[in-house]
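Visitor: I'd like to ask some things about the structure below.
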Amino acid sequence: MDPAAVSERASALPSDPGVYQFVAGDTVLYVGKAVDIRARVRSYADPRSERISRMVDRAEHIDFAVTDTETQALLLEANLIKRHQPRYNVRLKDDKSYPLVQLTAHAVPRIEVTRDPEDSATVFGPYTDKGRVETVVKAIRETYGLRGCSDHKYSNRSRPCLDYEMGLCTAPCTGEIAERDYREDVESAVRFFEGETGVLADPLRREMEAASQDAEFERAANLRDRLEVVESFHGAGEDAVSSQSDERAIDVLGVSLRGDSATVARLHAERGQLVDRTRHHLDAPEGEDRTAAVLSAFLAQFYAERELPDAVVLSEHPDDEDVVAWLESEGVGVRVPGAGREAKLIELALKNARRRAGRDDGLATLARELDLDVRRVSRIEGFDVSHAQGKAVVGSDVCFVEGSAETSDYRRRRLPERNDDYANMRELVRWRATRALEGRDDRPDPDLLLIDGGKGQLNAALDALEETGWDVPAVGIAKDRELVVTPDRTFDWPDDAPHLHVLQRVRDEAHRFAVQYHQTLRDEVKTVLDDVPGVGEKTRRALLTRFGSVEGVREASVEDLTDVPGVGEKTAAELKRRL
């Protein structure tokens with residue numbers, strides 16, 4: 001984009017807080033946040049650095065999402081950067097993100113501040129100030145005695161550790177507190193992070209007043225400072241999306257109609273934080289109350305194949321009472337707010353739906369060009385194979401829904417070791433097809449399979465489809481000239497064609513995901529860790545998972561090493577000596 005194009009696009013943007021994205025095709029180049037989206041984007045007409053200038057030159061259009069507050073914009077920006085990993089957001093090259101608080105999925109949960117939470121943990125955040133979060137976690141540990149030690153140290157204790165002596169832990173590891181009582185303390189911590197500030201502030205205030213009465217003025221001052229952090233913690237972050245503390249995941253839906261098409265904008269919030277937004281397109285029905293009909297169709301089709309939220313907040317009531325009854329029978333709250341914060345969120349969803357309605361995202365064009373039996377290519381799965389001269393052979397199967405990566409539907413597979421790309425692709429597609437036909441794959445059938453490669457790779461995939469009888473259309477895309485290959489013809493679409501960009505993004509993601517898995521297997525084949533006495537395959541994998549690389553193991557302290565299951569003090573000392 002040239003400066004004039006940037007200025008022209010900026011003039012059409014809202015003067016609201018939110019995030020903006022510079023995009024080339026379907027690849028996000030840069031994500032930023034702004035108090036005033038229009039003013040901030042306009043500044044890119046005069047880029048402040050050579051790097052940003054190159055980014056603006058590459059960009060083809062500017063995307064955006066409005067938010068209610070600056071804090072929402074910041075947190076949404078963080079999540080979008082983590083999801084898309086834009087090339088020009090260089091400040092996140094270390095792959096770090098905003099801190100979170102997790103309570104591990106253990107019978108006796110551990111509390112900690114982390115940037116990489118466990119999948120099974122209960123997680124709160126993200127937050128913008130790690131220091132404030134650490135202050136709050138320490139206050140929680142001093143008040144409720146929650147443990148901070150690793151599971152390895154917890155399971156091997158014969159007596160309470162120093163944290164118990166310092167009043168930071170009630171030592172459930174040695175039975176100083178019953179597990180049932182400990183769990184009650186954990187629930188108190190959960191209530192605090194869900195917005196019940198008094199659960200932590202009240203005992204701190206009582207302790208501060210007692211210290212003051214006992215003339216322990218330094219301690220009283222420290223408690224006062226800590227209390228200020230605790231009382232402002234939720235206010236400095238973000239108001240809860242819902243006042244109902246038992247609702248952790250909420251979807252807010254707004255509908256925009258234009259002619260015979262409809263756009264549904266979905267805002268997704270978790271534990272009071274706006275973390276994502278998506279857009280979905282439907283054919284608009286005929287009749288008077290079309291918005292209600294669109295909502296009914298969307299609710300039934302969208303949530304039939306996804307995990308249900310705790311509540312859906314709608315711009316108006318759906319016209320199909322059966323859909324509403326189904327959601328409510330599954331424990332999902334369905335409501336149409338008249339005023340308050342949820343009504344503001346509805347306005348945000350409507351803004352995003354209206355601003356985005358009618359844009360050609362390439363999915364309908366792709367269906368027409370390929371002569372598919374669908375109006376839009378809503379669901380695409382991309383396949384690629386990666387190996388090193390036939391070693392550590394792997395295949396990837398990524399999924400895009402409505403043009404966006406559906407990472408929960410990504411799959412990968414280790415393949416037989418052979419230096420034959422065609423045979424490897426045939427094996428990968430046969431595996432996917434067989435699982436689909438036997439009902440062992442819980443994902444719906446895609447509208448299109450995209451094969452990373454030209455005619456040879458596509459023919460291998462078609463052989464697998466014919467052999468199994470899985471009736472799904474497939475095309476290939478060759479990297480050298482970006483030609484799209486079908487069973488009966490080849491397309492050479494313009495470089496700026498939106499439907500080509502859709503396929504390129506799926507292809508690139510399938511390639512990235514395959515290479516990442518291949519590198520993981522390749523790096524695990526043999527390392528210097530194998531030469532250390534006491535380090536077997538299981539321990540080696542645990543070390544690499546914990547520290548990321550041999551270099552990470554080398555830089556770890558003996559204490560950190562002994563946190564890894566299977567590594568005792570003798571083995572840790574030997575690792576430090578050898579590395």
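Each chain in the structure tokens gets a letter, A, B, ..., in the order shown, and its residues are numbered from 1; ligands are numbered from 1 in order too.
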Could you find all residues in region 201-338 of chain A that DSSP calls alpha helix (DSSP H) from the backbone, and write them as a PyMOL selection string?

Guide: chain A and resi 201-213+217-237+290-303+321-329

Visitor: Just write the chosen residues, C-alpha atoms, as an mmCIF file, in the first residue's frame.

Guide:
data_model
loop_
_atom_site.group_PDB
_atom_site.id
_atom_site.type_symbol
_atom_site.label_atom_id
_atom_site.label_comp_id
_atom_site.auth_asym_id
_atom_site.auth_seq_id
_atom_site.Cartn_x
_atom_site.Cartn_y
_atom_site.Cartn_z
ATOM 1 C CA ALA A 201 -8.944 -7.873 50.475
ATOM 2 C CA ASP A 202 -10.936 -8.447 53.681
ATOM 3 C CA PRO A 203 -8.412 -10.745 55.424
ATOM 4 C CA LEU A 204 -5.552 -8.443 54.339
ATOM 5 C CA ARG A 205 -7.356 -5.443 55.804
ATOM 6 C CA ARG A 206 -7.946 -7.258 59.108
ATOM 7 C CA GLU A 207 -4.284 -8.263 59.237
ATOM 8 C CA MET A 208 -3.181 -4.687 58.491
ATOM 9 C CA GLU A 209 -5.371 -3.274 61.260
ATOM 10 C CA ALA A 210 -4.060 -5.854 63.734
ATOM 11 C CA ALA A 211 -0.448 -5.014 62.854
ATOM 12 C CA SER A 212 -1.173 -1.310 63.342
ATOM 13 C CA GLN A 213 -2.749 -1.930 66.758
ATOM 14 C CA PHE A 217 4.018 -0.119 61.630
ATOM 15 C CA GLU A 218 6.455 -1.372 58.976
ATOM 16 C CA ARG A 219 4.453 -4.568 58.548
ATOM 17 C CA ALA A 220 1.210 -2.572 58.508
ATOM 18 C CA ALA A 221 2.641 -0.333 55.749
ATOM 19 C CA ASN A 222 3.633 -3.362 53.663
ATOM 20 C CA LEU A 223 0.176 -4.841 54.083
ATOM 21 C CA ARG A 224 -1.384 -1.501 53.135
ATOM 22 C CA ASP A 225 0.617 -1.421 49.878
ATOM 23 C CA ARG A 226 -0.346 -4.996 49.116
ATOM 24 C CA LEU A 227 -4.000 -4.263 49.875
ATOM 25 C CA GLU A 228 -3.963 -1.354 47.391
ATOM 26 C CA VAL A 229 -2.714 -3.680 44.662
ATOM 27 C CA VAL A 230 -5.343 -6.296 45.497
ATOM 28 C CA GLU A 231 -8.234 -3.801 45.595
ATOM 29 C CA SER A 232 -7.256 -2.252 42.255
ATOM 30 C CA PHE A 233 -6.379 -5.556 40.573
ATOM 31 C CA HIS A 234 -9.668 -6.136 38.763
ATOM 32 C CA GLY A 235 -10.297 -2.483 38.103
ATOM 33 C CA ALA A 236 -6.901 -2.134 36.426
ATOM 34 C CA GLY A 237 -7.608 -5.125 34.243
ATOM 35 C CA ARG A 290 -34.511 -12.021 8.984
ATOM 36 C CA THR A 291 -32.084 -11.288 11.815
ATOM 37 C CA ALA A 292 -33.876 -13.680 14.160
ATOM 38 C CA ALA A 293 -33.843 -16.363 11.461
ATOM 39 C CA VAL A 294 -30.103 -15.851 10.844
ATOM 40 C CA LEU A 295 -29.401 -16.223 14.572
ATOM 41 C CA SER A 296 -31.397 -19.466 14.726
ATOM 42 C CA ALA A 297 -29.521 -20.924 11.763
ATOM 43 C CA PHE A 298 -26.136 -19.817 13.091
ATOM 44 C CA LEU A 299 -26.706 -21.152 16.612
ATOM 45 C CA ALA A 300 -27.725 -24.583 15.326
ATOM 46 C CA GLN A 301 -24.966 -24.949 12.748
ATOM 47 C CA PHE A 302 -22.066 -23.309 14.584
ATOM 48 C CA TYR A 303 -22.456 -24.944 17.986
ATOM 49 C CA GLU A 321 -37.608 -21.877 20.058
ATOM 50 C CA ASP A 322 -36.289 -25.412 19.564
ATOM 51 C CA VAL A 323 -32.772 -24.032 19.156
ATOM 52 C CA VAL A 324 -33.106 -22.002 22.340
ATOM 53 C CA ALA A 325 -34.516 -25.010 24.216
ATOM 54 C CA TRP A 326 -31.607 -27.163 23.026
ATOM 55 C CA LEU A 327 -29.017 -24.671 24.252
ATOM 56 C CA GLU A 328 -30.734 -24.232 27.600
ATOM 57 C CA SER A 329 -31.026 -27.999 28.043
#

Visitor: Where in region 102-303 of chain A does DSSP assign strand (DSSP E or B), given as a ChimeraX atom specification?

Guide: /A:102-103,111-114,122-124,249-258,261-270,273-283

Visitor: Determine, using only C-alpha atoms, which residues of region 364-421 of chain A have any atom at most 12 Å from an atom of region 485-491 of chain A, and tabulate each with its shortest atom pair and distance in Å to one decimal place, rows ordered by chain and then rising number, as JSON lines.

Guide:
{"residue": "A:Leu366", "atom": "CA", "partner": "A:Phe491", "partner_atom": "CA", "distance": 11.4}
{"residue": "A:Glu369", "atom": "CA", "partner": "A:Phe491", "partner_atom": "CA", "distance": 9.1}
{"residue": "A:Leu370", "atom": "CA", "partner": "A:Thr486", "partner_atom": "CA", "distance": 8.2}
{"residue": "A:Asp371", "atom": "CA", "partner": "A:Thr486", "partner_atom": "CA", "distance": 10.8}
{"residue": "A:Leu372", "atom": "CA", "partner": "A:Thr486", "partner_atom": "CA", "distance": 11.6}

Visitor: Would you write out those residues with all heavy atoms, as an mmCIF file, in the first residue's frame?

Guide:
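Output file out-v1.cif follows:
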data_model
loop_
_atom_site.group_PDB
_atom_site.id
_atom_site.type_symbol
_atom_site.label_atom_id
_atom_site.label_comp_id
_atom_site.auth_asym_id
_atom_site.auth_seq_id
_atom_site.Cartn_x
_atom_site.Cartn_y
_atom_site.Cartn_z
ATOM 1 N N LEU A 366 -13.827 -18.839 -4.643
ATOM 2 C CA LEU A 366 -13.120 -20.115 -4.741
ATOM 3 C C LEU A 366 -14.085 -21.239 -5.112
ATOM 4 O O LEU A 366 -13.777 -22.092 -5.960
ATOM 5 C CB LEU A 366 -12.418 -20.418 -3.417
ATOM 6 C CG LEU A 366 -11.517 -21.646 -3.373
ATOM 7 C CD1 LEU A 366 -10.381 -21.528 -4.376
ATOM 8 C CD2 LEU A 366 -10.948 -21.829 -1.964
ATOM 9 N N GLU A 369 -14.970 -20.764 -8.861
ATOM 10 C CA GLU A 369 -13.859 -21.063 -9.767
ATOM 11 C C GLU A 369 -13.603 -22.565 -9.866
ATOM 12 O O GLU A 369 -13.273 -23.086 -10.940
ATOM 13 C CB GLU A 369 -12.596 -20.344 -9.293
ATOM 14 C CG GLU A 369 -12.613 -18.841 -9.476
ATOM 15 C CD GLU A 369 -12.453 -18.431 -10.924
ATOM 16 O OE1 GLU A 369 -11.835 -19.193 -11.697
ATOM 17 O OE2 GLU A 369 -12.963 -17.358 -11.301
ATOM 18 N N LEU A 370 -13.730 -23.265 -8.732
ATOM 19 C CA LEU A 370 -13.465 -24.706 -8.728
ATOM 20 C C LEU A 370 -14.708 -25.532 -9.049
ATOM 21 O O LEU A 370 -14.633 -26.769 -9.077
ATOM 22 C CB LEU A 370 -12.901 -25.128 -7.364
ATOM 23 C CG LEU A 370 -11.549 -24.514 -6.984
ATOM 24 C CD1 LEU A 370 -11.142 -24.968 -5.578
ATOM 25 C CD2 LEU A 370 -10.469 -24.874 -7.989
ATOM 26 N N ASP A 371 -15.837 -24.838 -9.260
ATOM 27 C CA ASP A 371 -17.092 -25.500 -9.608
ATOM 28 C C ASP A 371 -17.475 -26.551 -8.557
ATOM 29 O O ASP A 371 -17.797 -27.699 -8.864
ATOM 30 C CB ASP A 371 -16.979 -26.158 -10.990
ATOM 31 C CG ASP A 371 -18.359 -26.549 -11.546
ATOM 32 O OD1 ASP A 371 -19.362 -25.945 -11.116
ATOM 33 O OD2 ASP A 371 -18.415 -27.473 -12.382
ATOM 34 N N LEU A 372 -17.444 -26.125 -7.294
ATOM 35 C CA LEU A 372 -17.782 -27.016 -6.189
ATOM 36 C C LEU A 372 -19.276 -26.934 -5.882
ATOM 37 O O LEU A 372 -19.937 -25.940 -6.198
ATOM 38 C CB LEU A 372 -16.968 -26.651 -4.942
ATOM 39 C CG LEU A 372 -15.445 -26.697 -5.101
ATOM 40 C CD1 LEU A 372 -14.768 -26.253 -3.813
ATOM 41 C CD2 LEU A 372 -14.980 -28.090 -5.496
#

Visitor: Which is closest to Asp563 (chain A) among A:Val398, A:Ala405, A:Leu500, A:Ala542, if we use only C-alpha atoms?

Guide: A:Ala542

Visitor: Would you kindly return, as a PyMOL selection string, each protein, DNA or RNA residue with an atom no farther than 10 Å from any atom of Gln389 (chain A), considering only C-alpha atoms and excluding same-chain residues fewer than 6 positions away?

Guide: chain A and resi 417-420

Visitor: Put those residues in a file: N, CA, C and O atoms, as a CSV table (one decimal), in the first residue's frame.

Guide:
chain,number,residue,atom,x,y,z
A,417,GLU,N,9.3,-44.3,7.4
A,417,GLU,CA,10.5,-43.6,6.9
A,417,GLU,C,10.8,-44.1,5.5
A,417,GLU,O,11.2,-45.3,5.2
A,418,ARG,N,10.7,-43.2,4.5
A,418,ARG,CA,11.0,-43.5,3.1
A,418,ARG,C,11.1,-42.1,2.4
A,418,ARG,O,10.4,-41.2,2.7
A,419,ASN,N,12.0,-42.1,1.4
A,419,ASN,CA,12.3,-40.8,0.7
A,419,ASN,C,11.4,-40.8,-0.6
A,419,ASN,O,11.9,-40.8,-1.7
A,420,ASP,N,10.1,-40.8,-0.4
A,420,ASP,CA,9.1,-40.8,-1.5
A,420,ASP,C,8.0,-39.9,-1.2
A,420,ASP,O,7.0,-40.3,-0.4

Visitor: With only C-alpha atoms as the basis for distance, which of A:Val23, A:Asp492, A:Gly18, A:Tyr154 is at the shortest distance from Arg277 (chain A)?

Guide: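 Of A:Val23, A:Asp492, A:Gly18, A:Tyr154, the one nearest Arg277 (chain A), counting only C-alpha atoms, is A:Gly18.
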
Visitor: Calculated over only C-alpha atoms, which of the candidates A:Gln457, A:Asn352, A:Thr263, A:Thr170 has the smallest distance to Asp421 (chain A)?

Guide: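 The closest residue to Asp421 (chain A) is A:Gln457.
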
Visitor: With only C-alpha atoms as the counted atoms, please give the residues lying no more than 9 Å from region 1-4 of chain A, apart from itself and same-chain residues fewer than 4 positions off, as an MDAnalysis selection string.

Guide: chainID A and resid 8:9 42 44:47 56:61

Visitor: Hey, which of A:Ala73, A:Val558, A:Val385, A:Ala423 ends up closest to His511 (chain A)? Count only C-alpha atoms.

Guide: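 Between A:Ala73, A:Val558, A:Val385, A:Ala423, the residue approaching His511 (chain A) most closely is A:Val385.
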
Visitor: If we count only C-alpha atoms and set the cut-off at 8 Å, which residues sit around Trp470 (chain A), ignoring sequence neighbours fewer than 4 positions away in its own chain? Please answer as a PyMOL selection string.

Guide: chain A and resi 433-434+436-437+465-466

Visitor: What's around Ala474 (chain A) at 6 Å? Count only C-alpha atoms, leave out sequence neighbours fewer than 3 positions away in its own chain, and write the answer as a PDB file with N, CA, C and O atoms, in the first residue's frame.

Guide:
ATOM      1  N   LEU A 448     -13.156 -28.910   1.035  1.00  0.00           N
ATOM      2  CA  LEU A 448     -12.053 -29.020   0.089  1.00  0.00           C
ATOM      3  C   LEU A 448     -10.800 -29.505   0.808  1.00  0.00           C
ATOM      4  O   LEU A 448     -10.526 -29.093   1.938  1.00  0.00           O
ATOM      5  N   LEU A 449     -10.056 -30.403   0.144  1.00  0.00           N
ATOM      6  CA  LEU A 449      -8.720 -30.795   0.601  1.00  0.00           C
ATOM      7  C   LEU A 449      -7.701 -30.039  -0.244  1.00  0.00           C
ATOM      8  O   LEU A 449      -7.802 -30.013  -1.475  1.00  0.00           O
ATOM      9  N   LEU A 450      -6.715 -29.424   0.411  1.00  0.00           N
ATOM     10  CA  LEU A 450      -5.658 -28.722  -0.300  1.00  0.00           C
ATOM     11  C   LEU A 450      -4.340 -29.463  -0.085  1.00  0.00           C
ATOM     12  O   LEU A 450      -3.904 -29.645   1.064  1.00  0.00           O
TER      13      LEU A 450
END

Visitor: Counting only C-alpha atoms, figure out which residue out of A:Pro160, A:Val472, A:Leu308, A:Lys455 gets nearest to Glu381 (chain A).

Guide: A:Val472

Visitor: At a cut-off of 10 Å, using only C-alpha atoms, what residues contact Asp496 (chain A)? Leave out same-chain residues fewer than 2 positions from it and give the result as an NGL selection string.

Guide: :A and (24-25 or 60 or 493-494 or 498-501)

Visitor: For CA of Glu307 (chain A) and CA of Leu348 (chain A), quote the distance in Å rounded to one decimal.

Guide: 23.2 Å
